[in-house]
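First comes the structure, then the notes that go with it.
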Amino acid sequence: MSNADAMAKEMGHGGGEDLAARVRDMRNRFWIALAFSVPVFILSPMGLDFLKVPVPFGLRLEPVLFVLASGAILYPVWPFVVAAYRAIRSGIANMAVLVVLSVGTGYLFSVGATFIWGGQNFYEAAVILLDFILLGHWLEMRARAGASQAIRSLMDLAPPKAMVLRDGKEVEVATSDVVADDIIVIRPGNKIPVDGVITEGSSSVDQSMLTGESMPVDKKVGDTVIGATINKSGTFQYKATKVGADSALAQIVKLVQDAQNSKAPAQLLADRAAQWLVLAAVVMGLGTFAVWYWWIGQPLLFAVSLTITVFVIACPDALGLATPMAIMVGTGLGAINGILFKNASALEDATKLDVIVFDKTGTLTMGQPEVVELAVAAGMDEQKLLATAAAVEAGSDHPLAQAITRRAADVKRPKATAFRNLEGKGAQAEVDGEAVLLGNRLLMADNKIDLGELGAKSDALQSAGRTVVHIAISGKLAGLLAIADAERPTAKAAIASLRERGLDVIMITGDNQGTASRIAAGLGIDTVLADVLPGDKASKIKELQARGKKVGMVGDGVNDAPALVQADVGFAIGAGTDVAMDSADIVLMKSDPFDVVGAIELSHATLRKMHQNLWWAVGYNVIAFPLAAGVLYPFLLGPSIAALAMSGSSALVAMNALLLKRTKLTGITLRRSQTQSDPARAFAS
């Protein structure tokens, strides 16, 4: 059973309800409670004194408050009543027990004061307390529901239909109906429905969403294709080999599910404190009654009033606000700066990290090929080289062609004619009456183009992990364009900052060792895990955790989803896939690696506020319990004073949490200083 299901069962939700229905139920209970609570507060003695609002229709105040408070409490509080009953039956004192004890005694005492013995009531304290608690649980359940979105997003990656050859004819069938050994027809732009082996034709396939490879992979007869990847060019047929639960996509789904279900949720400090507060409130309340009624001999109503005052002053408003207020302000500050925390556990866990593992493609790099270097032959102009290459590649949707046209965006381009695609080698065309060849080294060799002085440069660029495009004009080599996945501007500074804070930094990628080592060396990363398959990324995280390390994983693709969930804290780059963002605990909306630093700093600041608030909440109860019990008799805290003290404690906790807004994040400050000195970068950010 998942964590969300266990929570729902404890709170009395039906087994047939889906998680979204449970979230809606908790949301509805909160809004109902709030709707009734507002008039309760306005019509309470405190509200009447401040706002001077008359009781409507000349009715007596107490019965009106009873009706409104009953609407605010009886239906909304029911899940906690169920949870408290089951906890007590199991011998556990949890927050639900304290909620029922505090809200229930406050409400029942007020009902008695209204209809039986008269005197002060404090309906407003009970209903406002319940409002805060319902809001907290609604937000918690909504965060839990979001975790399952990753599974749905993964499932949606596979195309719903597949074109299959049946009896020699192409027939469109549901992907779920494809069986092993079916022959499937794929055309340019199609998503590949299931795993298989090419039997006819060739193409270039974009596998980046599943494998992390930044460049499309050429496929020919005998090569394997993976379901949910995208065919970029060419038409081919392939035989289905792995369908349904055996496909690579299904295996990634299973990995994400397993990681989500096996990952223990962080035990929040407030829950631990509540265990002791429940026992303290019960013992102190019963002890108060015993001392005043049986030992001292005071009247029953007096002893009961003091006992109820103890229970009311123990209402966990301050304790209930201690962590949520700090979390609310901390996550709000993060959101303003493009750092989205998806759950409270992430804030706490981010302060304990020892290792940060970065995916390469799309995380430390831009995730798309760019022209990173040019080399021109003697007598050739760089602008002409770019213009000629861009003219040949105009209109092509191949990633390498798009990288060239982006680099030549500001260059005036002539028009190419007689264009011809040379499969696996490049292209040829005529530009301004000159024959142009553009492609790899094999194309140059086939056309007997001498590389001359640029031959050594081509070798060096290829050895460094670059894809080298050779351009020959009128039978002579004109120059080289080196294409690679460019580094993100702040990646190097982010890694240096993390290492200064004592964190180990590791790069993990499905790309080859040469390309990975080149990127890592430029960024200052010593440990590189290359050629890692999608399913193995989560295994690598597990290996680090088995050594006692707390691991943060930063990624952007579908192939990163299992590792993001397996990690103690998953960071998703905002420009990545929905699956990665759904699987992660923290989303970096600006796609800036330096925001990992900002997220960790903000987590430390928020946890400090949580600790301060919890100490205050506990200290408040240590002082308030004896006063409520009457140790300073004849000075006594009445119910109204108890409610006021409780509200004051909550206000102090809230104000302390608001001070968190003054936190200055190093990563954010650095980026702002950079953008102030570079208007172009400021515009881009």
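By convention here, the chains of the structure tokens are called A, B, ... in the order presented, each chain's residues are numbered starting at 1, and ligands are numbered starting at 1 in the order presented.
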Members of segment 349-449 of chain A assigned strand (DSSP E) by DSSP, as a ChimeraX atom specification: /A:355-359,365-376,416-422,426-431,434-439
Residue neighbourhood Ile226 of chain A, 7 Å, only C-alpha atoms, exclusion window fewer than 6 positions, as a ChimeraX atom specification: /A:192,194-196,248
Filtered DSSP result for segment 58-206 of chain A, state helix (DSSP H, G or I), as a ChimeraX atom specification: /A:58,61-73,78-89,95-115,123-147,149-157,175-177
Shell of 6 Å around segment 443-448 of chain A, only C-alpha atoms, local chain residues under 2 positions omitted, as a ChimeraX atom specification: /A:425,440-441
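Using only C-alpha atoms, the nearest neighbour of Thr417 of chain A within the list A:Val329, A:Thr388, A:Asp167, A:Phe341 is A:Thr388.
Minimum atom-to-atom distances from A:Gly465, A:Gly287, A:Gly455, A:Gly338 to Val372 of chain A were compared using only C-alpha atoms, and the lowest value belongs to A:Gly465.
Shell of Met284 of chain A at 8 Å, with only C-alpha atoms counted and residues fewer than 5 places along the chain excluded, is Val310, Phe625 and Ala629 of chain A.
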Next, the residues of the selection above should be written as a compact mmCIF listing (two decimals), in the first residue's frame with all heavy atoms.
# COMPACT_ATOMS: atom_id res chain seq x y z
N VAL A 310 -7.15 23.57 30.40
CA VAL A 310 -5.87 22.92 30.06
C VAL A 310 -5.94 22.34 28.65
O VAL A 310 -5.02 22.51 27.84
CB VAL A 310 -5.54 21.81 31.07
CG1 VAL A 310 -4.36 20.97 30.58
CG2 VAL A 310 -5.23 22.41 32.43
N PHE A 625 0.60 25.24 30.49
CA PHE A 625 -0.07 24.14 31.18
C PHE A 625 -0.22 24.40 32.69
O PHE A 625 -1.32 24.30 33.23
CB PHE A 625 0.70 22.83 30.96
CG PHE A 625 0.34 22.13 29.68
CD1 PHE A 625 1.17 21.15 29.15
CD2 PHE A 625 -0.83 22.43 28.99
CE1 PHE A 625 0.85 20.50 27.97
CE2 PHE A 625 -1.16 21.79 27.82
CZ PHE A 625 -0.32 20.82 27.31
N ALA A 629 -3.68 25.10 34.72
CA ALA A 629 -4.06 24.17 35.79
C ALA A 629 -4.31 24.88 37.11
O ALA A 629 -4.80 24.25 38.07
CB ALA A 629 -2.97 23.12 35.97
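The smallest atom-to-atom distance between Asn343 of chain A and any of A:Ser603, A:Gln428, A:Thr365, A:Thr105, using only C-alpha atoms, is found for A:Ser603.
Take the candidates A:Ala158, A:Val243, A:Leu523, A:Val64 and check each one against Ile230 of chain A using only C-alpha atoms; the shortest distance goes to A:Ala158.
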Surrounding residues of segment 124-128 of chain A excluding itself and chain neighbours under 3 positions, 7 Å, only C-alpha atoms, as a ChimeraX atom specification: /A:37,40-41,44,69,72-73,103,106-107,131-132,643
